[in-house]
Amino acid sequence: MPAPAHQLEPRPVDLEVVIPVYNEEQTLALSIRRLHGYLSSSTPLRWRILIADNASTDATPEIARSLAVALSGVNVLRLEQKGRGRALRAGWSSSTARIVAYMDVDLSTDLRALLPLVSPLLSGHSEVAIGTRLAPGSRVTRGPKREFISRAYNHLLRASLRARFSDAQCGFKAVRSDVLPELLAAVEDQDWFFDTELLIAAQRRGMRIHEVAVDWIDDPDSRVDILATVLADLRGVARLIWQTRPARFMAIGAGSTLAYALLFVALAGTLGSRGANAAALTLTAVANTAANRRFTFGVRGRRRIVRDQLGGLLVYVIALALTDVSLVLLHRIDPRPPRLIEVSVLVLASLGATVARYVGMSTWLFAGARDPRRRYEPSIRPLSTQGN
């Protein structure tokens with residue numbers, strides 16, 4: 001972990017604001033002095049500012065160090081690799097503050113929203129707080145292209161990941177330090193998707209995400225590569241979808257259905273349609289239960305493995321009944337149906353059985369299995385609120 005160029009002050013603070021920067025020699029000094037002045041005059045909290053220099057190649061490192069010398073409560077962290085997520089991870093991980101926050105160096109968000117942002121965290125009411133440009137009451141000045149991309153992205157998050165927060169990428173967020181290690185351990189991205197992944201991790205753990213409607217003015221000098229960022233975000237969304245139980249179950253189910261269809265075709269000539277159906281389902285049921293036990297529901301080891309397999313076989317009986325009834329009905333309509341029609345009917349019945357299998361496994365067989373991502377236990381003890 002990189003060390004700050006200027007050592008952190010020994011006294012504890014309530015709030016540390018991290019400002020990630022990359023080649024910001026034109027705006028850094030003005031923005032840090034403005035933030036420093038606001039914190040000094042308008043907040044009752046004990047605070048620090050950390051400039052996280054994200055491998056800048058211009059005069060940004062020198063300007064950051066001069067600010068740390070000239071202004072009390074300002075420190076510098078130098079990283080040799082780019083990535084906003086990497087800068088936030090490094091800055092937040094090294095913090096000793098009770099609340100960590102970050103904002104973009106352009107200070108697009110009105111600073112008067114800072115106290116409303118952190119107050120629910122200091123009281124213990126919430127674990128994470130975000131500024132939102134998409135909630136009623138927010139006042140936003142930006143171009144139509146960015147407005148469309150932002151709204152489309154957040155609609156995508158709600159549709160694909162069931163996101164319950166309104167604005168994933170507003171550069172104005174805060175996290176309580178007692179939940180920070182667990183959240184950082186769950187986040188893989190080191191760049192722009194870091195924000196979204198952090199919020200999804202918090203939501204999946206049942207943490208409260210407080211939202212503050214902000215006044216926000218777009219920075220016309222922004223150098224973010226929109227296309228590259230959008231593509232990276234879409235890859236991140238796909239990765240998070242894969243991490244959900246239904247997605248893993250569906251992938252395993254698709255593999256099981258394919259194996260079942262191939263086995264049925266291979267065995268039908270020898271065992272007949274109903275015998276091949278029973279044999280193919282039996283062979284795939286054991287593998288399906290073992291795969292879901294480990295990868296979907298996170299159950300490992302030999303403890304209760306016999307019980308789980310027996311339960312899986314009981315769920316398998318339901319699948320066998322569905323597919324067997326489908327075969328009987330098909331043969332009543334056509335005593336000698338083409339093999340393709342027979343396989344198609346069985347695959348459709350198997351898909352219905354897959355839904356029944358998931359319901360049975362999630363609500364009964366593995367009902368007590370905890371998702372390894374959901375380790376957070378809410379605390380009802382609020383953080384103390386101490387001023388300067």
# chains A, B, ... in the order shown; residues from 1 in each chain; ligands from 1

call {"tool": "residues_around", "arguments": {"residues": "stretch 345-348 of chain A", "least_positions_apart": "2", "cutoff": "7 Å", "atoms": "only C-alpha atoms", "output": "ChimeraX atom specification"}}
result
/A:257,323,326,341-343,350-352

call {"tool": "residues_around", "arguments": {"residues": "stretch 78-94 of chain A", "least_positions_apart": "2", "cutoff": "6 Å", "atoms": "only C-alpha atoms", "output": "PyMOL selection string"}}
result
chain A and resi 52-55+190-191+194

call {"tool": "closest_residue", "arguments": {"among": "A:Ala290, A:Ala278, A:Ala129, A:Ile318", "to": "A:Phe249", "atoms": "only C-alpha atoms"}}
result
A:Ala290
